[in-house]
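What follows is the content of input_17.cif, which has mmCIF, C-alpha atoms and all ligand atoms:
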data_run
#
loop_
_atom_site.label_atom_id
_atom_site.label_comp_id
_atom_site.auth_asym_id
_atom_site.auth_seq_id
_atom_site.Cartn_x
_atom_site.Cartn_y
_atom_site.Cartn_z
CA MET N 1 124.27 125.13 96.51
CA SER N 2 126.83 122.64 97.78
CA THR N 3 130.08 123.85 99.31
CA GLN N 4 133.48 123.39 97.70
CA THR N 5 134.50 120.79 100.33
CA GLU N 6 131.39 118.76 99.73
CA ARG N 7 131.96 118.76 95.98
CA GLU N 8 135.57 117.60 96.51
CA ASN N 9 134.40 114.80 98.78
CA VAL N 10 131.99 113.72 96.11
CA THR N 11 134.75 113.57 93.55
CA GLU N 12 137.07 111.60 95.87
CA THR N 13 134.59 108.95 96.81
CA GLY N 14 132.39 108.58 93.70
CA ILE N 15 129.29 106.52 93.45
CA HIS N 16 131.25 103.37 92.69
CA GLY N 17 134.16 104.17 95.01
CA PRO N 18 135.21 101.22 97.22
CA THR N 19 135.12 103.34 100.36
CA SER N 20 131.80 105.02 99.62
CA SER N 21 129.32 104.67 102.40
CA ARG N 22 125.64 104.59 101.62
CA PHE N 23 125.36 108.16 102.87
CA ASP N 24 128.22 109.21 100.50
CA VAL N 25 126.31 107.78 97.58
CA LEU N 26 123.17 109.42 98.80
CA ARG N 27 124.82 112.82 99.18
CA GLU N 28 126.56 112.55 95.81
CA GLY N 29 123.38 111.44 94.16
CA ALA N 30 121.56 114.31 95.77
CA ALA N 31 124.18 116.78 94.48
CA LEU N 32 123.89 115.36 90.96
CA ASP N 33 120.18 115.85 91.19
CA ASP N 34 120.69 119.44 92.32
CA ILE N 35 119.73 118.59 95.88
CA GLU N 36 121.86 120.12 98.55
CA ILE N 37 121.78 118.66 102.04
CA VAL N 38 122.29 121.84 104.04
CA HIS N 39 121.72 120.38 107.47
CA TYR N 40 122.00 116.83 108.78
CA GLU N 41 121.98 116.03 112.46
CA PRO N 42 121.19 112.73 114.19
CA GLN N 43 118.59 112.99 116.94
CA PHE N 44 120.86 111.41 119.51
CA ALA N 45 124.46 112.32 120.29
CA VAL N 46 124.94 108.83 121.73
CA PRO N 47 123.27 106.16 119.56
CA GLY N 48 121.47 103.58 121.68
CA GLY N 49 121.59 105.80 124.76
CA LYS N 50 118.97 106.21 127.46
CA THR N 51 116.95 108.88 125.63
CA GLU N 52 116.79 106.87 122.43
CA ARG N 53 115.69 103.78 124.30
CA ARG N 54 112.91 105.76 125.96
CA VAL N 55 111.66 107.04 122.59
CA VAL N 56 111.84 103.53 121.14
CA ARG N 57 109.79 102.20 124.07
CA THR N 58 107.17 104.92 123.53
CA ILE N 59 106.85 104.11 119.82
CA ALA N 60 106.73 100.38 120.53
CA GLY N 61 104.01 101.11 123.09
CA PHE N 62 101.93 102.92 120.46
CA PHE N 63 102.26 100.05 118.00
CA LEU N 64 101.42 97.44 120.61
CA LEU N 65 98.40 99.52 121.64
CA THR N 66 97.40 99.51 117.98
CA GLY N 67 97.72 95.74 117.82
CA LEU N 68 95.79 95.27 121.06
CA ALA N 69 92.93 97.58 120.01
CA ALA N 70 92.72 95.98 116.55
CA THR N 71 92.60 92.54 118.20
CA VAL N 72 89.74 93.73 120.45
CA PHE N 73 87.95 94.90 117.28
CA LEU N 74 88.38 91.49 115.66
CA VAL N 75 87.25 89.56 118.73
CA ALA N 76 84.20 91.82 119.21
CA TYR N 77 83.37 91.67 115.50
CA ILE N 78 83.31 87.89 115.52
CA TRP N 79 82.08 86.95 119.01
CA TRP N 80 80.33 89.89 120.69
CA PRO N 81 76.49 89.61 120.73
CA TRP N 82 75.16 92.00 118.10
CA GLU N 83 71.43 91.42 117.74
CA PHE N 84 70.04 94.65 119.12
CA GLY N 85 67.13 94.11 121.52
CA ARG N 86 67.61 90.34 121.50
CA GLN N 87 70.87 89.74 123.30
CA ASP N 88 72.34 91.16 126.49
CA GLY N 89 75.22 93.49 125.76
CA ALA N 90 74.27 93.94 122.09
CA GLN N 91 73.97 97.69 122.66
CA TRP N 92 77.75 97.78 123.15
CA PHE N 93 78.56 96.09 119.85
CA THR N 94 78.85 99.24 117.73
CA PRO N 95 80.52 101.41 120.43
CA ILE N 96 83.14 98.71 121.02
CA LEU N 97 83.88 98.43 117.29
CA GLY N 98 84.13 102.23 116.97
CA ALA N 99 86.26 102.73 120.08
CA SER N 100 88.67 99.88 119.34
CA LEU N 101 89.14 100.84 115.69
CA GLY N 102 89.59 104.51 116.67
CA LEU N 103 92.17 103.55 119.28
CA ALA N 104 94.01 101.32 116.79
CA LEU N 105 94.25 104.07 114.19
CA ALA N 106 95.21 106.70 116.78
CA GLY N 107 97.97 104.41 118.13
CA LEU N 108 99.25 103.86 114.60
CA ALA N 109 99.22 107.59 113.84
CA PHE N 110 101.02 108.54 117.06
CA GLY N 111 103.56 105.74 116.53
CA ILE N 112 104.42 106.97 113.05
CA LEU N 113 104.47 110.63 114.07
CA THR N 114 106.71 109.99 117.06
CA TRP N 115 109.05 107.93 114.91
CA GLY N 116 109.33 110.70 112.33
CA LYS N 117 109.73 113.51 114.83
CA LYS N 118 111.84 111.93 117.57
CA LEU N 119 113.83 109.13 115.97
CA LEU N 120 114.72 110.11 112.40
CA PRO N 121 117.68 112.50 111.92
CA ARG N 122 116.89 116.17 111.45
CA GLU N 123 117.62 117.05 107.86
CA VAL N 124 117.12 120.07 105.65
CA SER N 125 117.65 119.70 101.88
CA ILE N 126 117.11 122.08 99.00
CA GLN N 127 116.30 120.78 95.54
CA GLN N 128 116.42 122.70 92.27
CA ARG N 129 113.69 121.70 89.88
CA HIS N 130 114.64 120.16 86.54
CA THR N 131 112.98 118.16 83.77
CA GLY N 132 113.73 114.99 81.78
CA GLY N 133 113.92 111.24 82.33
CA SER N 134 116.22 109.45 84.79
CA SER N 135 119.50 107.82 83.74
CA GLU N 136 120.70 104.42 84.88
CA GLN N 137 122.97 106.11 87.39
CA GLU N 138 120.15 108.13 88.84
CA ARG N 139 118.03 105.06 89.21
CA ARG N 140 120.83 103.38 91.15
CA ILE N 141 121.08 106.42 93.35
CA THR N 142 117.38 106.34 94.00
CA GLY N 143 117.57 102.66 94.96
CA GLN N 144 120.40 103.34 97.37
CA THR N 145 118.54 106.32 98.78
CA ILE N 146 115.50 104.24 99.55
CA ALA N 147 117.66 101.53 101.11
CA TYR N 148 119.41 104.21 103.12
CA LEU N 149 116.12 105.53 104.38
CA GLY N 150 115.19 102.04 105.48
CA GLU N 151 118.48 101.85 107.31
CA GLU N 152 117.92 105.24 108.90
CA MET N 153 114.59 104.04 110.25
CA GLY N 154 116.81 101.81 112.34
CA ILE N 155 114.49 98.84 112.48
CA GLY N 156 117.37 96.40 112.14
CA ARG N 157 119.25 97.74 115.15
CA ARG N 158 116.15 98.39 117.26
CA PRO N 159 114.81 94.92 118.00
CA LEU N 160 111.93 96.22 120.14
CA LEU N 161 110.51 98.12 117.15
CA LYS N 162 111.21 95.17 114.88
CA PHE N 163 108.99 93.16 117.18
CA ALA N 164 106.32 95.82 117.90
CA LEU N 165 105.78 96.99 114.33
CA PRO N 166 104.47 93.74 112.81
CA LEU N 167 102.64 92.88 116.03
CA GLY N 168 100.86 96.22 115.88
CA LEU N 169 100.18 96.32 112.16
CA ALA N 170 99.12 92.74 111.45
CA PRO N 171 95.82 93.02 113.37
CA VAL N 172 95.10 96.32 111.57
CA GLY N 173 95.37 94.46 108.26
CA LEU N 174 93.02 91.81 109.60
CA VAL N 175 90.57 94.54 110.67
CA ALA N 176 90.47 95.75 107.07
CA ALA N 177 89.75 92.20 105.92
CA ALA N 178 87.20 91.45 108.67
CA PRO N 179 84.11 92.78 106.87
CA LEU N 180 85.08 90.75 103.81
CA ILE N 181 85.68 87.47 105.58
CA GLY N 182 83.09 88.06 108.33
CA GLY N 183 80.34 86.49 106.24
CA LEU N 184 82.42 83.34 105.94
CA ILE N 185 82.76 83.09 109.72
CA GLU N 186 79.17 84.03 110.63
CA ASP N 187 76.49 82.23 108.65
CA PRO N 188 74.17 85.10 107.65
CA HIS N 189 71.30 82.67 107.12
CA LYS N 190 71.40 81.00 110.52
CA ASN N 191 69.05 83.44 112.32
CA GLN N 192 65.39 82.66 111.81
CA ILE N 193 62.25 84.45 112.89
CA PRO N 194 61.49 82.95 116.35
CA GLY N 195 59.17 79.95 116.08
CA THR N 196 59.50 79.71 112.30
CA GLU N 197 61.96 78.50 109.72
CA THR N 198 61.89 81.80 107.83
CA PRO N 199 65.39 83.27 107.67
CA GLU N 200 65.55 86.80 109.06
CA LEU N 201 67.93 87.99 106.39
CA TYR N 202 65.31 88.01 103.66
CA THR N 203 62.48 89.50 105.70
CA THR N 204 61.37 92.81 107.19
CA GLY N 205 59.09 93.50 110.14
CA TRP N 206 56.10 93.28 107.76
CA ASN N 207 56.46 89.52 107.45
CA PRO N 208 53.36 87.83 108.97
CA ALA N 209 55.70 85.33 110.63
CA TYR N 210 56.43 88.08 113.18
CA ASN N 211 52.71 88.30 113.97
CA GLY N 212 51.73 84.68 114.42
CA GLY N 213 50.99 84.34 110.71
CA LYS N 214 48.49 87.24 110.64
CA PRO N 215 48.95 90.37 108.49
CA VAL N 216 50.96 93.05 110.29
CA ARG N 217 49.27 96.37 111.02
CA LEU N 218 50.70 99.70 109.88
CA THR N 219 51.34 101.72 113.04
CA ARG N 220 52.75 105.06 114.13
CA GLN N 221 56.05 105.19 115.97
CA ASP N 222 54.19 104.87 119.30
CA GLY N 223 52.55 101.64 118.08
CA THR N 224 49.02 103.01 117.51
CA PRO N 225 47.28 101.63 114.40
CA ILE N 226 46.17 103.81 111.50
CA ARG N 227 42.84 104.18 109.78
CA PRO N 228 42.49 105.58 106.24
CA GLU N 229 40.88 108.78 107.57
CA ASP N 230 44.03 109.49 109.63
CA VAL N 231 45.94 110.54 106.47
CA SER N 232 44.51 113.54 104.62
CA VAL N 233 44.43 113.78 100.81
CA GLY N 234 47.91 114.66 99.53
CA GLY N 235 49.37 113.79 102.92
CA GLN N 236 51.82 111.11 103.92
CA MET N 237 52.86 109.34 107.10
CA THR N 238 55.84 107.24 108.11
CA VAL N 239 54.57 103.91 109.37
CA PHE N 240 56.18 100.99 111.19
CA PRO N 241 55.22 97.32 111.57
CA GLY N 242 52.82 96.78 114.47
CA ILE N 243 54.91 94.11 116.18
CA PRO N 244 57.11 94.20 119.30
CA HIS N 245 60.07 96.57 118.67
CA GLY N 246 58.57 97.35 115.23
CA SER N 247 59.82 100.94 115.28
CA SER N 248 63.21 100.16 116.86
CA ASN N 249 66.55 99.52 115.18
CA GLU N 250 65.73 95.83 115.31
CA HIS N 251 63.56 96.44 112.26
CA ALA N 252 65.49 99.32 110.76
CA ASP N 253 64.68 98.04 107.26
CA SER N 254 60.92 98.38 107.76
CA PRO N 255 59.98 102.12 107.88
CA THR N 256 57.47 102.75 105.12
CA LEU N 257 55.83 105.81 103.66
CA LEU N 258 52.03 105.66 103.48
CA ILE N 259 50.74 108.23 100.98
CA HIS N 260 47.17 109.36 100.37
CA LEU N 261 47.15 110.36 96.70
CA ARG N 262 44.69 112.69 95.06
CA THR N 263 42.20 110.64 93.05
CA SER N 264 43.60 111.64 89.62
CA ASP N 265 47.14 110.75 90.80
CA ALA N 266 45.88 107.51 92.32
CA ASP N 267 44.40 106.58 88.93
CA GLN N 268 47.80 107.07 87.32
CA ALA N 269 49.47 105.01 90.03
CA ARG N 270 46.89 102.24 89.61
CA ALA N 271 47.53 102.15 85.86
CA ALA N 272 51.26 101.89 86.50
CA ASN N 273 50.62 99.18 89.12
CA HIS N 274 48.51 97.35 86.56
CA ARG N 275 51.41 97.41 84.10
CA ALA N 276 53.64 95.94 86.78
CA GLY N 277 51.18 93.16 87.66
CA ARG N 278 50.29 94.74 91.02
CA GLU N 279 46.60 95.37 90.52
CA ASP N 280 45.62 95.01 94.19
CA TRP N 281 48.60 96.51 95.90
CA MET N 282 47.01 99.88 96.63
CA TYR N 283 44.07 100.42 98.97
CA GLY N 284 41.75 102.99 97.39
CA ASP N 285 43.85 106.09 96.85
CA TYR N 286 46.48 104.96 99.38
CA ILE N 287 49.84 103.60 98.38
CA ALA N 288 52.86 102.52 100.46
CA TYR N 289 56.54 102.42 99.55
CA SER N 290 59.68 101.56 101.46
CA LYS N 291 61.27 104.65 102.92
CA ILE N 292 64.80 103.25 102.57
CA CYS N 293 66.48 104.76 99.52
CA THR N 294 67.69 102.16 97.05
CA HIS N 295 70.90 104.12 96.49
CA ALA N 296 72.64 104.11 99.86
CA GLY N 297 69.89 103.54 102.40
CA CYS N 298 69.02 107.07 103.54
CA PRO N 299 65.40 107.80 104.46
CA ALA N 300 63.69 109.12 101.33
CA SER N 301 60.95 111.19 102.83
CA LEU N 302 60.68 114.58 101.11
CA TYR N 303 57.39 114.12 99.32
CA GLU N 304 56.34 116.80 96.86
CA GLN N 305 52.60 116.61 96.57
CA GLN N 306 52.26 118.65 93.35
CA THR N 307 54.63 116.50 91.28
CA ASN N 308 54.27 113.24 93.22
CA ARG N 309 58.03 112.99 93.50
CA LEU N 310 59.74 111.58 96.55
CA LEU N 311 63.17 113.08 97.13
CA CYS N 312 66.04 111.49 99.01
CA PRO N 313 68.02 114.29 100.67
CA CYS N 314 71.33 112.41 100.72
CA HIS N 315 72.23 112.48 97.01
CA GLN N 316 69.07 113.95 95.52
CA SER N 317 67.57 110.81 94.01
CA GLN N 318 63.95 111.34 93.01
CA PHE N 319 61.29 108.65 92.72
CA LEU N 320 58.01 109.08 90.84
CA ILE N 321 55.30 107.78 93.13
CA THR N 322 52.68 107.56 90.36
CA ASP N 323 54.95 105.27 88.31
CA ASN N 324 55.88 102.47 90.72
CA ALA N 325 58.31 104.83 92.53
CA ALA N 326 60.71 104.56 89.59
CA PRO N 327 63.93 106.58 89.96
CA ILE N 328 63.79 109.57 87.61
CA PHE N 329 66.76 111.57 88.84
CA GLY N 330 69.95 111.00 90.84
CA PRO N 331 72.11 107.97 91.54
CA ALA N 332 69.43 105.47 92.66
CA SER N 333 68.93 102.82 89.98
CA ARG N 334 66.03 100.77 91.40
CA PRO N 335 62.45 101.75 92.25
CA LEU N 336 61.47 101.87 95.90
CA PRO N 337 59.86 98.54 96.86
CA GLN N 338 56.07 98.73 97.22
CA LEU N 339 54.19 97.30 100.20
CA GLU N 340 50.90 95.59 99.43
CA ILE N 341 48.26 97.09 101.75
CA THR N 342 44.59 96.77 102.69
CA VAL N 343 42.49 97.30 105.83
CA ASP N 344 41.50 94.62 108.32
CA ASP N 345 38.09 93.82 109.82
CA GLU N 346 38.47 96.66 112.33
CA GLY N 347 39.28 99.21 109.63
CA PHE N 348 43.02 99.53 110.34
CA PHE N 349 45.69 99.41 107.65
CA VAL N 350 47.60 96.11 107.36
CA ALA N 351 50.32 94.81 105.07
CA LYS N 352 48.97 91.87 103.08
CA ARG N 353 52.44 90.35 103.05
CA ASP N 354 56.10 91.26 103.36
CA TYR N 355 57.93 93.25 100.70
CA THR N 356 58.71 91.10 97.70
CA ASP N 357 61.61 93.31 96.55
CA VAL N 358 64.89 93.86 98.29
CA ILE N 359 64.90 96.83 100.65
CA GLY N 360 67.47 99.60 100.26
CA PRO N 361 70.85 99.19 98.58
CA ASP N 362 70.76 95.47 97.95
CA PHE N 363 73.73 93.15 98.28
CA TRP N 364 72.20 90.62 95.93
CA GLU N 365 70.27 91.24 92.76
CA ARG N 366 66.61 90.57 92.46
CA PRO N 367 65.78 87.19 90.97
S1 LIG W 401 70.98 107.51 99.64
FE1 LIG W 401 69.33 108.34 98.58
S2 LIG W 401 70.22 109.30 96.91
FE2 LIG W 401 71.89 108.43 97.91
#
Just give me the structure of the file as structure tokens.
Ligand code: FES
Amino acid sequence: MSTQTERENVTETGIHGPTSSRFDVLREGAALDDIEIVHYEPQFAVPGGKTERRVVRTIAGFFLLTGLAATVFLVAYIWWPWEFGRQDGAQWFTPILGASLGLALAGLAFGILTWGKKLLPREVSIQQRHTGGSSEQERRITGQTIAYLGEEMGIGRRPLLKFALPLGLAPVGLVAAAPLIGGLIEDPHKNQIPGTETPELYTTGWNPAYNGGKPVRLTRQDGTPIRPEDVSVGGQMTVFPGIPHGSSNEHADSPTLLIHLRTSDADQARAANHRAGREDWMYGDYIAYSKICTHAGCPASLYEQQTNRLLCPCHQSQFLITDNAAPIFGPASRPLPQLEITVDDEGFFVAKRDYTDVIGPDFWERP
């Protein structure tokens, strides 16, 4: 509860009183709203003194660090080489983005925390709860309170912070916009498979253009090719394109699940393939689907042999392998793309051609 003296002061000054300071209005408004300011103490006995200037310099330093780190993020995002395995220094692309963004956000957090703890006055207020709408007077009080808070932040009389705050925050705003405008700066279609005019964006490692125009072999992670007898009935194997760096991040969209179905299941899958106009896409009882979940790109690799369901562990989407890998449960809305397979003259599995559907969570819709 407010003291007698405080209540008298409120009465003498009044919200509209000519001598009312902003703090008077604030205090009176607080009292009318059943808020009692029980303790109010500026951080610094001498405003603008040595200690305050040191704190201001520290905060400005944090904001400038934020601006610098966010600028590094922007520069790296736009100009740093990023094609993993193709360009020198590309392995640093992601770490630089992570480190610079982390530093920017940490600088911003420490700047705000230091401001709140070391620069703003120490204040303790107690508010009684009440109900009902706000009157015109109360709205005016609220407006003045907010303006007062702005004044208390002291930006106007602390030019260093006035300068450091926008300089630190503007690049952070640009960082948020960078992924949106990045595609306008970098032409996503400009990279082509070396020696061809096929744009990389629409291809995976299974595209024959990566193999001199010949079908790409299905290989294990160590690059060894696979024969049909290597996968037992009911079994499955993760396969990668048999090209240089085929199992590396350079072709992270290419991992595929090769499944050897039981004959009765294979018959069902063939019938479903037939419906979809994919009569020759299986090889015998073998079928291959992209391992990249069409929901959010996790590896969908928990294959349940009895039900022929493929489960994605991230959000529990389930795909029915015997029905064109259609999603039958969970958030995924598209079937897993199927890879058209056969065996070559030497008896090893090959992909007849690249995937014809978009891999993973697509950014464009299928034609
Ligand atoms: S990523 Fe597979 S269900 Fe979400």
Pick out the residues no farther than 12 Å from ligand LIG 401 (chain W), counting only C-alpha atoms and all ligand atoms, and list them as number ranges by chain.
-> N: 291-302, 310-319, 327-336, 360-361
Just give me the gap between CA of Gln144 (chain N) and CA of Trp115 (chain N) in Å, one decimal is fine.
-> 21.4 Å
Residue nearest Ala272 (chain N) - candidates N:Asp222, N:Asp323, N:Glu83, N:Glu229, atoms counted: all atoms listed in the file | N:Asp323
Which value, in Å to one decimal, gives the distance between CA of Lys117 (chain N) and CA of Thr58 (chain N)?
->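 For CA of Lys117 (chain N) relative to CA of Thr58 (chain N), the distance reads 12.5 Å.
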Nearest to Asp357 (chain N), chosen from N:Asn273, N:Ser290, N:Ser264, N:Gln236, with all atoms listed in the file counted in the distances = N:Ser290
Pick the closest to Ser232 (chain N) from N:Ser254, N:Gln305, N:Asn211, N:Gln192: which is it, counting only C-alpha atoms?
->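 Distance minimum relative to Ser232 (chain N) lands on N:Gln305.
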Mind checking which residues fall within 12 Å of Lys162 (chain N), counting all atoms listed in the file, ignoring those fewer than 4 positions away in the same chain, and posting them as a count of residues only?
-> 16
Provide the CA of Leu105 (chain N) to CA of Arg54 (chain N) distance in Å, to one decimal place.
->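 CA of Arg54 (chain N) lies 22.1 Å from CA of Leu105 (chain N).
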Test item: residues at most 12 Å from Gly61 (chain N), only C-alpha atoms, excluding those fewer than 6 positions along its chain, as a CSV table (one decimal) with C-alpha atoms, in the coordinates of the input:
chain,number,residue,atom,x,y,z
N,54,ARG,CA,112.9,105.8,126.0
N,55,VAL,CA,111.7,107.0,122.6
N,67,GLY,CA,97.7,95.7,117.8
N,68,LEU,CA,95.8,95.3,121.1
N,104,ALA,CA,94.0,101.3,116.8
N,107,GLY,CA,98.0,104.4,118.1
N,108,LEU,CA,99.2,103.9,114.6
N,110,PHE,CA,101.0,108.5,117.1
N,111,GLY,CA,103.6,105.7,116.5
N,112,ILE,CA,104.4,107.0,113.0
N,114,THR,CA,106.7,110.0,117.1
N,115,TRP,CA,109.0,107.9,114.9
N,160,LEU,CA,111.9,96.2,120.1
N,161,LEU,CA,110.5,98.1,117.2
N,163,PHE,CA,109.0,93.2,117.2
N,164,ALA,CA,106.3,95.8,117.9
N,165,LEU,CA,105.8,97.0,114.3
N,167,LEU,CA,102.6,92.9,116.0
N,168,GLY,CA,100.9,96.2,115.9
Show me, as CSV, the residues of region 303-337 of chain N having an atom within 12 Å of region 275-286 of chain N, each with the closest atom pair and its distance in Å, using only C-alpha atoms.
residue,atom,partner,partner_atom,distance
N:Ile321,CA,N:Tyr286,CA,11.2
N:Thr322,CA,N:Asp285,CA,11.1
N:Asp323,CA,N:Ala276,CA,9.5
N:Asn324,CA,N:Ala276,CA,7.9
N:Ala325,CA,N:Ala276,CA,11.6
N:Ala326,CA,N:Ala276,CA,11.5
N:Pro335,CA,N:Ala276,CA,11.9
N:Pro337,CA,N:Trp281,CA,11.5
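Between Ser100 (chain N) and the residues N:Asp88, N:Leu65, N:Phe349, N:Lys118, the shortest atom-to-atom distance, using all atoms listed in the file, involves N:Leu65.
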Which is closer to Asp24 (chain N) than all the others in N:Ala45, N:Ile141, N:Ala69, N:Ala106, using all atoms listed in the file?
->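 Smallest distance to Asp24 (chain N) is found for N:Ile141.
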Of the residues N:Ser125, N:Thr51, N:Thr238, N:Thr203, which is the one nearest to His39 (chain N), using all atoms listed in the file?
->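 Nearest candidate to His39 (chain N) out of N:Ser125, N:Thr51, N:Thr238, N:Thr203: N:Ser125.
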Which neighbours of Ile146 (chain N) fall inside 12 Å, counting all atoms listed in the file, when residues of the same chain fewer than 4 positions from it are skipped, and could you give them as a PDB file with C-alpha atoms, in the coordinates of the input?
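Saved the output as around32.pdb:
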ATOM      1  CA  ARG N  22     125.640 104.590 101.620  1.00  0.00           C
ATOM      2  CA  PHE N  23     125.360 108.160 102.870  1.00  0.00           C
ATOM      3  CA  VAL N  25     126.310 107.780  97.580  1.00  0.00           C
ATOM      4  CA  LEU N  26     123.170 109.420  98.800  1.00  0.00           C
ATOM      5  CA  GLY N  29     123.380 111.440  94.160  1.00  0.00           C
ATOM      6  CA  ARG N 139     118.030 105.060  89.210  1.00  0.00           C
ATOM      7  CA  ARG N 140     120.830 103.380  91.150  1.00  0.00           C
ATOM      8  CA  ILE N 141     121.080 106.420  93.350  1.00  0.00           C
ATOM      9  CA  THR N 142     117.380 106.340  94.000  1.00  0.00           C
ATOM     10  CA  GLY N 150     115.190 102.040 105.480  1.00  0.00           C
ATOM     11  CA  GLU N 151     118.480 101.850 107.310  1.00  0.00           C
ATOM     12  CA  GLU N 152     117.920 105.240 108.900  1.00  0.00           C
ATOM     13  CA  MET N 153     114.590 104.040 110.250  1.00  0.00           C
TER      14      MET N 153
END
Spatial neighbours of Arg27 (chain N), max dist 8 Å, all atoms listed in the file, sep filter under 4 positions, as a compact mmCIF listing (two decimals) with C-alpha atoms, in the frame of the given file:
# COMPACT_ATOMS: atom_id res chain seq x y z
CA VAL N 10 131.99 113.72 96.11
CA PHE N 23 125.36 108.16 102.87
CA ALA N 31 124.18 116.78 94.48
CA GLU N 36 121.86 120.12 98.55
CA ILE N 37 121.78 118.66 102.04
Which residues, written as number ranges by chain, have at least one atom at most 12 Å from Asn249 (chain N), with all atoms listed in the file counted and residues fewer than 2 positions away on the same chain left out?
-> N: 82-86, 90-91, 204-205, 221, 240, 244-247, 251-255
